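Below is start.cif, which holds mmCIF, C-alpha atoms and all ligand atoms.
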data_target
loop_
_atom_site.label_atom_id
_atom_site.label_comp_id
_atom_site.auth_asym_id
_atom_site.auth_seq_id
_atom_site.Cartn_x
_atom_site.Cartn_y
_atom_site.Cartn_z
CA MET A 1236 12.25 24.29 -150.09
CA GLU A 1237 9.73 22.24 -148.11
CA ASP A 1238 6.96 20.81 -150.28
CA ILE A 1239 3.79 21.68 -148.39
CA PHE A 1240 1.76 19.44 -150.68
CA ARG A 1241 3.89 16.38 -149.92
CA PHE A 1242 0.95 14.45 -148.46
CA ALA A 1243 -1.37 15.14 -151.38
CA ASP A 1244 -2.72 12.27 -153.48
CA GLU A 1245 -5.95 11.63 -155.35
CA LEU A 1246 -7.94 11.31 -152.09
CA GLY A 1247 -6.73 14.40 -150.25
CA PRO A 1248 -6.14 16.07 -147.89
CA THR A 1249 -8.36 18.94 -148.86
CA LYS A 1250 -7.17 21.24 -146.03
CA ILE A 1251 -4.35 21.41 -143.52
CA ILE A 1252 -4.72 24.19 -140.97
CA HIS A 1253 -2.12 25.14 -138.38
CA VAL A 1254 -3.50 27.01 -135.40
CA TYR A 1255 -1.48 29.30 -133.11
CA GLU A 1256 -2.65 31.46 -130.20
CA PRO A 1257 0.19 32.48 -127.88
CA SER A 1258 -2.02 34.07 -125.19
CA VAL A 1259 -3.03 30.58 -124.04
CA GLY A 1260 -0.08 28.63 -125.48
CA LEU A 1261 -2.13 26.96 -128.21
CA LYS A 1262 -0.41 25.20 -131.06
CA GLY A 1263 -2.55 22.82 -133.04
CA VAL A 1264 -3.14 21.28 -136.41
CA LEU A 1265 -6.25 20.11 -138.23
CA VAL A 1266 -6.13 17.89 -141.29
CA VAL A 1267 -9.38 17.58 -143.22
CA ASP A 1268 -8.87 14.74 -145.67
CA ASN A 1269 -11.53 13.66 -148.14
CA VAL A 1270 -15.04 15.05 -147.50
CA ALA A 1271 -16.79 13.82 -150.64
CA ALA A 1272 -19.10 11.67 -148.49
CA GLY A 1273 -19.94 14.43 -146.00
CA PRO A 1274 -18.38 16.52 -143.21
CA SER A 1275 -15.44 14.81 -141.58
CA ILE A 1276 -15.63 13.24 -138.14
CA GLY A 1277 -12.47 12.35 -136.26
CA GLY A 1278 -11.06 12.77 -132.80
CA VAL A 1279 -9.02 15.60 -131.34
CA ARG A 1280 -5.78 14.25 -129.90
CA MET A 1281 -3.88 16.00 -127.16
CA ALA A 1282 -0.23 14.97 -127.18
CA PRO A 1283 3.15 16.67 -127.02
CA ASP A 1284 4.71 15.09 -130.07
CA VAL A 1285 2.47 14.47 -133.12
CA SER A 1286 3.83 15.66 -136.48
CA THR A 1287 1.64 17.12 -139.21
CA GLU A 1288 2.42 13.98 -141.20
CA GLU A 1289 1.12 11.78 -138.39
CA CYS A 1290 -2.01 13.93 -138.14
CA PHE A 1291 -2.50 13.48 -141.89
CA ARG A 1292 -2.09 9.69 -141.60
CA LEU A 1293 -4.68 9.67 -138.79
CA ALA A 1294 -7.07 11.77 -140.88
CA ARG A 1295 -6.64 9.37 -143.81
CA ALA A 1296 -7.39 6.44 -141.50
CA MET A 1297 -10.66 8.25 -140.68
CA THR A 1298 -11.51 8.68 -144.38
CA LEU A 1299 -11.10 4.94 -144.89
CA LYS A 1300 -12.88 4.02 -141.65
CA ASN A 1301 -15.88 6.20 -142.32
CA ALA A 1302 -16.14 4.95 -145.90
CA VAL A 1303 -15.86 1.28 -145.00
CA SER A 1304 -18.48 1.79 -142.28
CA GLY A 1305 -20.87 3.32 -144.81
CA LEU A 1306 -21.10 6.64 -142.92
CA PRO A 1307 -22.01 9.90 -144.68
CA HIS A 1308 -18.80 11.44 -143.35
CA GLY A 1309 -15.31 12.10 -144.56
CA GLY A 1310 -12.11 11.85 -142.54
CA GLY A 1311 -10.36 14.42 -140.39
CA LYS A 1312 -8.18 14.58 -137.32
CA ALA A 1313 -6.94 17.36 -135.08
CA VAL A 1314 -4.02 17.60 -132.69
CA ILE A 1315 -3.55 20.02 -129.81
CA TYR A 1316 0.05 20.04 -128.64
CA GLY A 1317 0.37 19.54 -124.88
CA ASP A 1318 0.49 17.08 -122.02
CA PRO A 1319 -3.00 15.56 -121.72
CA LYS A 1320 -2.50 15.31 -117.95
CA MET A 1321 -2.08 19.08 -117.52
CA PRO A 1322 -4.41 20.80 -115.00
CA GLN A 1323 -8.00 20.78 -116.23
CA GLU A 1324 -8.21 24.58 -116.22
CA ASN A 1325 -5.30 24.90 -118.68
CA LYS A 1326 -6.61 22.07 -120.82
CA GLU A 1327 -10.00 23.72 -121.10
CA LYS A 1328 -8.39 26.98 -122.25
CA LEU A 1329 -6.51 25.19 -125.03
CA ILE A 1330 -9.59 23.29 -126.15
CA ARG A 1331 -11.76 26.41 -126.17
CA ALA A 1332 -9.15 28.29 -128.19
CA MET A 1333 -8.75 25.43 -130.69
CA ALA A 1334 -12.52 25.12 -131.14
CA SER A 1335 -12.97 28.85 -131.44
CA SER A 1336 -10.28 29.16 -134.11
CA LEU A 1337 -11.92 26.40 -136.15
CA ARG A 1338 -15.46 27.68 -135.70
CA GLU A 1339 -15.98 28.26 -139.42
CA VAL A 1340 -14.30 25.03 -140.60
CA ARG A 1341 -17.65 23.31 -140.81
CA GLU A 1342 -16.34 20.31 -142.67
CA TYR A 1343 -14.79 19.11 -139.40
CA ILE A 1344 -16.84 17.76 -136.49
CA PHE A 1345 -14.88 17.46 -133.24
CA GLY A 1346 -14.82 14.10 -131.41
CA PRO A 1347 -12.74 12.55 -128.60
CA ASP A 1348 -9.40 10.80 -129.15
CA MET A 1349 -6.30 10.07 -127.08
CA GLY A 1350 -5.94 12.70 -124.38
CA THR A 1351 -9.48 14.12 -124.78
CA ASN A 1352 -12.84 12.86 -123.53
CA GLU A 1353 -16.56 13.64 -123.13
CA GLN A 1354 -15.83 16.64 -120.88
CA CYS A 1355 -13.53 18.12 -123.53
CA MET A 1356 -16.23 17.64 -126.18
CA ALA A 1357 -18.76 19.39 -123.90
CA VAL A 1358 -16.39 22.38 -123.88
CA VAL A 1359 -16.20 22.35 -127.70
CA LYS A 1360 -19.99 22.10 -127.94
CA ASP A 1361 -20.34 25.03 -125.56
CA GLU A 1362 -17.86 27.08 -127.59
CA ILE A 1363 -18.98 26.38 -131.18
CA GLY A 1364 -21.96 24.01 -131.02
CA ARG A 1365 -20.29 21.29 -133.11
CA ALA A 1366 -19.00 18.14 -131.36
CA VAL A 1367 -19.84 14.47 -130.86
CA GLY A 1368 -19.01 12.02 -128.08
CA LEU A 1369 -20.81 14.35 -125.64
CA PRO A 1370 -21.95 13.65 -122.08
CA ARG A 1371 -25.52 12.35 -121.70
CA GLU A 1372 -26.65 15.44 -119.76
CA ILE A 1373 -26.34 17.51 -122.91
CA GLY A 1374 -27.90 14.95 -125.19
CA GLY A 1375 -24.82 13.01 -126.24
CA ILE A 1376 -23.71 9.40 -126.31
CA PRO A 1377 -20.50 9.33 -124.27
CA LEU A 1378 -18.71 6.96 -126.62
CA ASP A 1379 -15.56 6.59 -124.52
CA GLU A 1380 -17.44 6.03 -121.29
CA ILE A 1381 -19.70 3.32 -122.75
CA GLY A 1382 -16.85 1.67 -124.65
CA ALA A 1383 -18.25 1.95 -128.18
CA THR A 1384 -14.89 1.09 -129.76
CA GLY A 1385 -14.23 -1.83 -127.41
CA TRP A 1386 -17.70 -3.19 -128.21
CA GLY A 1387 -16.84 -3.14 -131.92
CA ILE A 1388 -13.48 -4.79 -131.31
CA SER A 1389 -15.17 -7.64 -129.45
CA HIS A 1390 -17.42 -8.29 -132.48
CA ALA A 1391 -14.51 -8.12 -134.93
CA ALA A 1392 -12.83 -10.69 -132.67
CA ASP A 1393 -15.83 -13.04 -132.80
CA VAL A 1394 -15.76 -13.08 -136.60
CA ALA A 1395 -11.96 -13.32 -136.79
CA LEU A 1396 -12.03 -16.42 -134.60
CA ASP A 1397 -13.81 -18.28 -137.41
CA TYR A 1398 -10.49 -17.95 -139.24
CA CYS A 1399 -8.26 -18.93 -136.27
CA ASP A 1400 -7.55 -22.21 -134.47
CA PHE A 1401 -8.59 -21.25 -130.95
CA ASP A 1402 -11.78 -20.33 -129.06
CA MET A 1403 -12.66 -17.22 -127.12
CA LYS A 1404 -13.17 -19.24 -123.95
CA GLY A 1405 -9.86 -19.11 -122.14
CA ALA A 1406 -8.12 -17.09 -124.90
CA ARG A 1407 -5.22 -15.13 -123.39
CA ILE A 1408 -5.35 -11.46 -124.25
CA VAL A 1409 -2.73 -8.74 -123.90
CA VAL A 1410 -3.58 -5.06 -124.29
CA GLN A 1411 -1.24 -2.12 -124.79
CA GLY A 1412 -2.98 0.98 -123.40
CA PHE A 1413 -5.71 0.84 -120.77
CA GLY A 1414 -7.69 3.96 -121.69
CA ALA A 1415 -11.05 4.36 -123.42
CA VAL A 1416 -10.31 1.69 -126.04
CA GLY A 1417 -8.07 -0.77 -124.20
CA LYS A 1418 -10.08 -1.18 -121.02
CA HIS A 1419 -13.43 -1.67 -122.74
CA ALA A 1420 -11.98 -4.07 -125.33
CA ALA A 1421 -10.60 -6.12 -122.44
CA ARG A 1422 -13.93 -5.90 -120.58
CA PHE A 1423 -16.11 -7.03 -123.51
CA LEU A 1424 -13.72 -9.81 -124.51
CA SER A 1425 -13.52 -11.09 -120.94
CA GLU A 1426 -17.34 -11.18 -120.85
CA LYS A 1427 -17.06 -13.58 -123.80
CA GLY A 1428 -14.64 -15.81 -121.87
CA ALA A 1429 -11.18 -14.41 -122.70
CA VAL A 1430 -8.64 -13.78 -119.95
CA LEU A 1431 -6.54 -10.62 -119.72
CA ILE A 1432 -3.00 -11.72 -118.79
CA GLY A 1433 -0.93 -8.67 -119.79
CA VAL A 1434 -1.61 -4.95 -119.90
CA ALA A 1435 0.47 -1.81 -120.33
CA ASP A 1436 -0.06 1.88 -119.70
CA SER A 1437 2.38 4.76 -120.15
CA ARG A 1438 4.11 3.85 -116.90
CA GLY A 1439 4.66 0.10 -117.26
CA THR A 1440 3.48 -3.38 -118.15
CA ALA A 1441 1.71 -5.70 -115.71
CA TYR A 1442 1.65 -9.47 -116.22
CA LYS A 1443 -0.48 -12.05 -114.44
CA LEU A 1444 -0.77 -15.51 -115.91
CA GLU A 1445 -3.91 -16.35 -113.86
CA GLY A 1446 -5.60 -13.26 -115.30
CA PHE A 1447 -6.59 -9.80 -114.05
CA ASP A 1448 -9.92 -8.85 -112.56
CA ILE A 1449 -10.78 -6.15 -115.10
CA ASN A 1450 -13.15 -4.17 -112.89
CA LYS A 1451 -10.45 -4.03 -110.20
CA LEU A 1452 -7.94 -2.82 -112.79
CA ILE A 1453 -10.36 -0.15 -114.05
CA HIS A 1454 -11.00 1.01 -110.49
CA LEU A 1455 -7.28 1.24 -109.82
CA LYS A 1456 -6.69 3.34 -112.99
CA GLU A 1457 -9.61 5.61 -112.10
CA ASN A 1458 -7.82 6.35 -108.86
CA GLY A 1459 -4.72 7.60 -110.63
CA MET A 1460 -2.63 4.44 -110.25
CA SER A 1461 -0.75 2.50 -112.90
CA VAL A 1462 -1.53 -1.03 -114.08
CA GLY A 1463 1.72 -1.99 -112.36
CA ASP A 1464 0.08 -1.26 -108.98
CA TYR A 1465 -2.25 -4.26 -109.41
CA PRO A 1466 -1.64 -6.53 -106.40
CA GLY A 1467 0.42 -9.59 -107.25
CA ALA A 1468 1.18 -8.60 -110.84
CA LYS A 1469 4.67 -8.92 -112.24
CA VAL A 1470 5.80 -5.43 -113.27
CA LEU A 1471 7.83 -4.89 -116.43
CA ASP A 1472 8.75 -1.85 -118.52
CA PRO A 1473 6.10 -0.50 -120.97
CA GLU A 1474 7.82 -2.01 -124.05
CA ALA A 1475 7.74 -5.53 -122.55
CA VAL A 1476 4.04 -5.80 -123.41
CA ILE A 1477 5.16 -6.73 -126.94
CA ASP A 1478 6.88 -9.92 -125.77
CA ILE A 1479 4.11 -11.54 -123.74
CA GLU A 1480 2.94 -14.78 -125.34
CA CYS A 1481 -0.82 -14.67 -125.88
CA ASP A 1482 -3.64 -15.59 -128.28
CA ILE A 1483 -4.94 -12.04 -128.94
CA TRP A 1484 -2.74 -8.92 -128.86
CA ILE A 1485 -4.45 -5.53 -128.89
CA PRO A 1486 -2.55 -2.29 -129.45
CA ALA A 1487 -4.69 0.51 -127.95
CA ALA A 1488 -2.26 3.38 -127.47
CA ARG A 1489 0.21 5.12 -129.80
CA PRO A 1490 0.95 4.90 -133.57
CA ASP A 1491 3.75 2.89 -135.17
CA ILE A 1492 4.57 0.87 -132.10
CA ILE A 1493 5.08 -2.35 -134.10
CA HIS A 1494 7.51 -2.05 -136.99
CA GLU A 1495 10.07 -4.09 -138.91
CA ASP A 1496 12.57 -4.02 -136.05
CA ASN A 1497 10.30 -5.42 -133.33
CA VAL A 1498 7.49 -7.30 -135.10
CA HIS A 1499 9.35 -10.61 -134.69
CA ARG A 1500 8.92 -10.19 -130.91
CA LEU A 1501 5.12 -10.53 -131.09
CA ASN A 1502 4.12 -14.02 -129.95
CA THR A 1503 0.42 -14.18 -130.72
CA LYS A 1504 -2.17 -15.60 -133.14
CA LEU A 1505 -4.53 -12.69 -133.67
CA VAL A 1506 -3.93 -8.93 -133.59
CA LEU A 1507 -6.91 -6.57 -133.25
CA GLU A 1508 -5.81 -3.01 -133.97
CA GLY A 1509 -7.61 -0.88 -131.40
CA ALA A 1510 -5.22 2.03 -131.90
CA ASN A 1511 -4.96 3.95 -135.15
CA ILE A 1512 -1.96 3.18 -137.40
CA PRO A 1513 -0.23 1.11 -134.68
CA ILE A 1514 1.57 -1.30 -137.04
CA THR A 1515 3.55 -0.45 -140.15
CA HIS A 1516 2.60 -1.97 -143.49
CA GLU A 1517 5.85 -3.94 -143.63
CA ALA A 1518 5.22 -5.35 -140.16
CA GLU A 1519 1.66 -6.34 -141.13
CA LYS A 1520 3.07 -8.18 -144.17
CA TYR A 1521 5.49 -10.03 -141.90
CA LEU A 1522 2.63 -11.09 -139.61
CA HIS A 1523 0.58 -12.28 -142.58
CA GLU A 1524 3.48 -14.42 -143.81
CA LYS A 1525 3.87 -15.89 -140.32
CA GLY A 1526 0.17 -16.84 -140.23
CA VAL A 1527 -0.78 -14.23 -137.63
CA LEU A 1528 -4.17 -12.71 -138.49
CA CYS A 1529 -4.16 -8.95 -138.16
CA ILE A 1530 -7.44 -7.00 -138.29
CA PRO A 1531 -6.48 -3.47 -139.38
CA ASP A 1532 -7.39 -0.32 -137.48
CA PHE A 1533 -10.05 1.10 -139.78
CA ILE A 1534 -11.97 -2.20 -139.66
CA ALA A 1535 -11.45 -3.16 -136.00
CA ASN A 1536 -11.78 0.18 -134.23
CA ALA A 1537 -14.67 1.75 -136.18
CA GLY A 1538 -17.09 1.42 -133.25
CA GLY A 1539 -16.31 4.87 -131.87
CA VAL A 1540 -16.98 6.76 -135.06
CA ILE A 1541 -20.10 4.74 -135.89
CA CYS A 1542 -21.40 5.76 -132.47
CA ALA A 1543 -20.38 9.39 -133.12
CA ALA A 1544 -22.18 9.46 -136.48
CA MET A 1545 -25.34 7.99 -134.91
CA GLU A 1546 -25.22 10.54 -132.09
CA TYR A 1547 -24.87 13.33 -134.68
CA ARG A 1548 -28.20 12.18 -136.12
CA GLY A 1549 -29.93 11.94 -132.75
CA ALA A 1550 -29.91 8.13 -132.37
CA CYS A 1551 -30.09 6.50 -128.94
CA GLU A 1552 -27.36 4.46 -127.28
CA ALA A 1553 -29.02 1.09 -127.89
CA ALA A 1554 -29.33 1.80 -131.63
CA ALA A 1555 -25.67 2.83 -131.75
CA PHE A 1556 -24.57 -0.43 -130.09
CA GLN A 1557 -26.65 -2.43 -132.54
CA ALA A 1558 -25.26 -0.56 -135.56
CA ILE A 1559 -21.69 -1.09 -134.35
CA GLU A 1560 -22.28 -4.81 -133.91
CA GLU A 1561 -23.84 -5.21 -137.36
CA LYS A 1562 -21.28 -3.11 -139.24
CA LEU A 1563 -18.23 -4.54 -137.49
CA ARG A 1564 -19.31 -8.15 -138.05
CA CYS A 1565 -20.22 -7.51 -141.67
CA ASN A 1566 -17.03 -5.55 -142.50
CA THR A 1567 -14.72 -8.01 -140.78
CA ARG A 1568 -16.29 -10.94 -142.61
CA GLU A 1569 -16.25 -9.21 -146.00
CA MET A 1570 -12.57 -8.41 -145.56
CA LEU A 1571 -11.61 -11.89 -144.36
CA GLU A 1572 -13.49 -13.55 -147.22
CA GLY A 1573 -11.52 -11.29 -149.57
CA VAL A 1574 -8.30 -12.39 -147.87
CA ALA A 1575 -9.27 -16.05 -148.21
CA CYS A 1576 -9.97 -15.63 -151.95
CA SER A 1577 -7.02 -13.42 -152.85
CA GLY A 1578 -4.25 -14.26 -150.39
CA MET A 1579 -3.71 -10.52 -149.99
CA ILE A 1580 -3.01 -9.08 -146.56
CA PRO A 1581 -6.15 -7.93 -144.69
CA ARG A 1582 -5.26 -4.22 -144.87
CA ASP A 1583 -4.89 -4.31 -148.64
CA VAL A 1584 -8.26 -6.00 -149.07
CA ALA A 1585 -9.89 -3.49 -146.70
CA MET A 1586 -8.21 -0.62 -148.57
CA GLU A 1587 -9.72 -1.80 -151.83
CA ILE A 1588 -13.22 -1.84 -150.32
CA ALA A 1589 -12.80 1.57 -148.66
CA VAL A 1590 -11.18 3.39 -151.59
CA LYS A 1591 -13.83 2.09 -153.97
CA ARG A 1592 -16.50 3.66 -151.74
CA VAL A 1593 -14.63 6.96 -151.41
CA LYS A 1594 -14.23 7.15 -155.19
CA LYS A 1595 -17.94 6.48 -155.69
CA ALA A 1596 -18.73 9.42 -153.38
CA MET A 1597 -16.20 11.55 -155.28
CA GLY A 1598 -18.01 10.69 -158.49
CA HIS A 1599 -21.07 12.60 -157.22
CA ARG A 1600 -19.12 15.87 -156.77
CA ARG A 1601 -18.14 18.67 -159.13
CA TRP A 1602 -14.93 19.05 -157.11
CA SER A 1603 -13.59 15.61 -156.34
CA LEU A 1604 -12.73 15.90 -152.65
CA PHE A 1605 -15.53 18.11 -151.35
CA SER A 1606 -18.84 19.67 -152.19
CA SER A 1607 -19.67 23.37 -152.14
CA ALA A 1608 -23.44 22.80 -152.14
CA PRO A 1609 -25.35 24.91 -149.59
CA GLY A 1610 -26.12 22.85 -146.52
CA PHE A 1611 -23.76 20.06 -147.53
CA VAL A 1612 -21.80 20.32 -144.31
N1 LIG A 1701 -11.51 6.71 -128.19
C1 LIG A 1701 -11.97 6.04 -129.20
O1 LIG A 1701 -13.15 5.72 -129.29
C2 LIG A 1701 -11.08 5.62 -130.32
C3 LIG A 1701 -9.72 5.64 -130.18
N2 LIG A 1701 -8.94 5.07 -131.15
C4 LIG A 1701 -7.49 5.00 -131.01
O2 LIG A 1701 -7.17 4.15 -129.90
C5 LIG A 1701 -5.95 4.59 -129.29
C6 LIG A 1701 -6.20 4.85 -127.82
O3 LIG A 1701 -7.19 5.85 -127.69
P1 LIG A 1701 -7.96 6.09 -126.32
O4 LIG A 1701 -8.15 4.80 -125.63
O5 LIG A 1701 -9.13 6.93 -126.65
O6 LIG A 1701 -6.90 6.96 -125.52
P2 LIG A 1701 -6.81 7.21 -123.95
O7 LIG A 1701 -6.10 8.51 -123.81
O8 LIG A 1701 -8.13 7.03 -123.29
O9 LIG A 1701 -5.88 6.01 -123.43
C7 LIG A 1701 -4.61 5.80 -123.93
C8 LIG A 1701 -3.93 4.72 -123.13
O10 LIG A 1701 -2.66 4.44 -123.72
C9 LIG A 1701 -1.67 4.45 -122.69
N3 LIG A 1701 -0.36 4.76 -123.24
C10 LIG A 1701 0.12 5.93 -123.68
N4 LIG A 1701 1.39 5.78 -124.10
C11 LIG A 1701 1.71 4.48 -123.90
C12 LIG A 1701 2.87 3.71 -124.12
N5 LIG A 1701 3.98 4.24 -124.61
N6 LIG A 1701 2.85 2.39 -123.79
C13 LIG A 1701 1.72 1.84 -123.27
N7 LIG A 1701 0.59 2.52 -123.05
C14 LIG A 1701 0.59 3.82 -123.35
C15 LIG A 1701 -2.18 5.48 -121.69
O11 LIG A 1701 -1.51 5.30 -120.46
P3 LIG A 1701 -1.89 6.13 -119.12
O12 LIG A 1701 -3.16 5.51 -118.65
O13 LIG A 1701 -0.74 5.87 -118.24
O14 LIG A 1701 -2.04 7.55 -119.55
C16 LIG A 1701 -3.66 5.12 -121.66
O15 LIG A 1701 -3.90 4.02 -120.82
C17 LIG A 1701 -5.51 5.80 -130.11
O16 LIG A 1701 -4.69 5.35 -131.15
C18 LIG A 1701 -6.82 6.32 -130.70
O17 LIG A 1701 -6.63 7.07 -131.86
C19 LIG A 1701 -9.47 4.53 -132.28
C20 LIG A 1701 -10.81 4.50 -132.46
C21 LIG A 1701 -11.73 5.12 -131.53
O1 LIG A 1702 -14.14 10.49 -131.75
C1 LIG A 1702 -14.51 10.37 -132.92
O2 LIG A 1702 -14.98 11.29 -133.56
C2 LIG A 1702 -14.41 9.06 -133.61
C3 LIG A 1702 -13.33 8.20 -133.09
C4 LIG A 1702 -12.01 8.47 -133.73
O3 LIG A 1702 -11.48 9.55 -133.73
C5 LIG A 1702 -11.35 7.34 -134.33
O4 LIG A 1702 -12.01 6.40 -134.78
O5 LIG A 1702 -10.12 7.37 -134.39
#
Mind turning this structure into structure tokens?
Ligand SMILES: NC(=O)C1=CN([C@@H]2O[C@H](COP(=O)(O)OP(=O)(O)OC[C@H]3O[C@@H](n4cnc5c(N)ncnc54)[C@H](OP(=O)(O)O)[C@@H]3O)[C@@H](O)[C@H]2O)C=CC1
Ligand SMILES: O=C(O)CCC(=O)C(=O)O
Amino acid sequence: MEDIFRFADELGPTKIIHVYEPSVGLKGVLVVDNVAAGPSIGGVRMAPDVSTEECFRLARAMTLKNAVSGLPHGGGKAVIYGDPKMPQENKEKLIRAMASSLREVREYIFGPDMGTNEQCMAVVKDEIGRAVGLPREIGGIPLDEIGATGWGISHAADVALDYCDFDMKGARIVVQGFGAVGKHAARFLSEKGAVLIGVADSRGTAYKLEGFDINKLIHLKENGMSVGDYPGAKVLDPEAVIDIECDIWIPAARPDIIHEDNVHRLNTKLVLEGANIPITHEAEKYLHEKGVLCIPDFIANAGGVICAAMEYRGACEAAAFQAIEEKLRCNTREMLEGVACSGMIPRDVAMEIAVKRVKKAMGHRRWSLFSSAPGFV
């Protein structure tokens, strides 16, 4: 018999909810992991093929990310099954139904993730009044539009370079995924002097040794084209983005894309994990042994959720940007100093810091993973 508690450990998850509503074709899952620190924040992903296990791993990444960022929030993640490029009308129906079915699950605050955006969060807000990453017109900070996560990645990069043997000026960057995270990471890093030489989206990889004009690339994507349509770029298949020699490689798309079987193909000096869980633990160990510095997801890509948590409390955009900068620089340095002292891989050092904080929050609760106090969530 299937063990439905197979993901359970001392940190969670406290709830796994499967949602089904055939009248609109909704199938979805919500994993609320540890909410000892406060109600969970984490994005809603729309994708055709995410398992409950993957949703759990993404929710756990949020628990660690929120803890390491010192936010009064636990970790959660939701998945709506479907093609994110479906007609807007159908997408809105699915999102409304998902939000409506989770109306009373107050320990989860909806945010944007792969396949959802500010407009989707506006729909959730309209339906149940509980969402972050909202458009400005309804009082939000549109975290994807302003590039909150990319801003954080650029600061993690600054600190990481103190531990590498190259400078930002002229550094060659390659990005897998040119959506909310990938394009803004490339934009902020190029403003610091780096050069984007390789980029992939779901349709292909584009390569240009002289460097892309990032605004031109963004414009082209906004008009429904692929990165491969960039004039003069060499076009390769999507997987080829792994092989391009560069100084900084940024995964900003799907999970588990670098693993034991392909990690040897990476030809880079620094990896900044923009995506969640993009590299397996074994592959990260391999990179560490090869001298490639790898800044793990819940350190490098925390900018989005820091922005979301600030928005939840009514902060303005400028304050959110400042908080992201401060927290990302401080967390990256703390982790890298730990690596320098211990020789451990960066993820393991970051895990120690995050789990210690989660356990401290748990120590304040009668139940370990959540609180039942009135008004807690
Ligand atoms: N949004 C945020 O603030 C945060 C997001 N993240 C994580 O970052 C990652 C990306 O999220 P986000 O940018 O929001 O998502 P988006 O949906 O905005 O963009 C995803 C990008 O990945 C591309 N893509 C999809 N599949 C592949 C593939 N097989 N090969 C190459 N590229 C591919 C898409 O291509 P196409 O353009 O063709 O569709 C698109 O360009 C996710 O792991 C997410 O969880 C983490 C922290 C915060
Ligand atoms: O959209 C949010 O709520 C925060 C961003 C997020 O989901 C993530 O960090 O993976």
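Between CA of Gln1323 (chain A) and CA of Ser1258 (chain A) lies a distance of 17.1 Å.
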Exercise: Glu1524 (chain A) partners within 12 Å, only C-alpha atoms, chain neighbours under 3 positions left out, as a list in words: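 These residues fall inside the cut-off: Val1498, His1499, Glu1517, Ala1518, Glu1519, Lys1520, Tyr1521, Val1527, Leu1528, Cys1529, Gly1578, Met1579, Ile1580 and Pro1581 of chain A.
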Have a look at CA of Ala1332 (chain A) and atom C2 of ligand LIG 1702 (chain A) and let me know their distance in Å, one decimal.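 Computing it gives 20.7 Å between the two atoms.
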Find the residues near Ser1425 (chain A): any atom within 10 Å, counting all atoms listed in the file, skip ones fewer than 6 places away on the same chain, and give them as a PyMOL selection string. chain A and resi 1389+1403-1408+1419+1431+1446-1449
Would you mind exporting the chosen residues as a short mmCIF file (atom, residue, chain, number, x, y, z; two decimals), keeping the file's coordinate frame, restricted to C-alpha atoms?
data_model
loop_
_atom_site.label_atom_id
_atom_site.label_comp_id
_atom_site.auth_asym_id
_atom_site.auth_seq_id
_atom_site.Cartn_x
_atom_site.Cartn_y
_atom_site.Cartn_z
CA SER A 1389 -15.17 -7.64 -129.45
CA MET A 1403 -12.66 -17.22 -127.12
CA LYS A 1404 -13.17 -19.24 -123.95
CA GLY A 1405 -9.86 -19.11 -122.14
CA ALA A 1406 -8.12 -17.09 -124.90
CA ARG A 1407 -5.22 -15.13 -123.39
CA ILE A 1408 -5.35 -11.46 -124.25
CA HIS A 1419 -13.43 -1.67 -122.74
CA LEU A 1431 -6.54 -10.62 -119.72
CA GLY A 1446 -5.60 -13.26 -115.30
CA PHE A 1447 -6.59 -9.80 -114.05
CA ASP A 1448 -9.92 -8.85 -112.56
CA ILE A 1449 -10.78 -6.15 -115.10
#
Can you find the residues with an atom no farther than 6 Å from (-16.1, 11.0, -137.4), counting only C-alpha atoms, and report them as a PyMOL selection string? chain A and resi 1275-1277+1540
Any idea what's packed within 6 Å of region 1586-1602 of chain A, counting only C-alpha atoms, ignoring anything in its chain fewer than 4 positions away? Could you give it as a list in words?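 Answer for this query is Ala1271, Ala1272, Leu1299, Ala1302, Val1303, Arg1582 and Ser1606 of chain A.
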Write region 1354-1361 of chain A as a compact mmCIF listing (two decimals), keeping the file's coordinate frame, completed to N, CA and C atoms.
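In the end it all went to rebuild.txt:
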# COMPACT_ATOMS: atom_id res chain seq x y z
N GLN A 1354 -15.85 15.30 -121.48
CA GLN A 1354 -15.83 16.64 -120.88
C GLN A 1354 -15.22 17.64 -121.86
N CYS A 1355 -14.17 17.23 -122.55
CA CYS A 1355 -13.53 18.12 -123.53
C CYS A 1355 -14.51 18.43 -124.67
N MET A 1356 -15.28 17.41 -125.08
CA MET A 1356 -16.23 17.64 -126.18
C MET A 1356 -17.38 18.56 -125.72
N ALA A 1357 -17.72 18.48 -124.44
CA ALA A 1357 -18.76 19.39 -123.90
C ALA A 1357 -18.27 20.83 -124.01
N VAL A 1358 -16.99 21.04 -123.78
CA VAL A 1358 -16.39 22.38 -123.88
C VAL A 1358 -16.45 22.87 -125.33
N VAL A 1359 -16.15 21.98 -126.27
CA VAL A 1359 -16.20 22.35 -127.70
C VAL A 1359 -17.65 22.70 -128.08
N LYS A 1360 -18.57 21.87 -127.63
CA LYS A 1360 -19.99 22.10 -127.94
C LYS A 1360 -20.43 23.46 -127.40
N ASP A 1361 -19.98 23.76 -126.19
CA ASP A 1361 -20.34 25.03 -125.56
C ASP A 1361 -19.75 26.21 -126.35
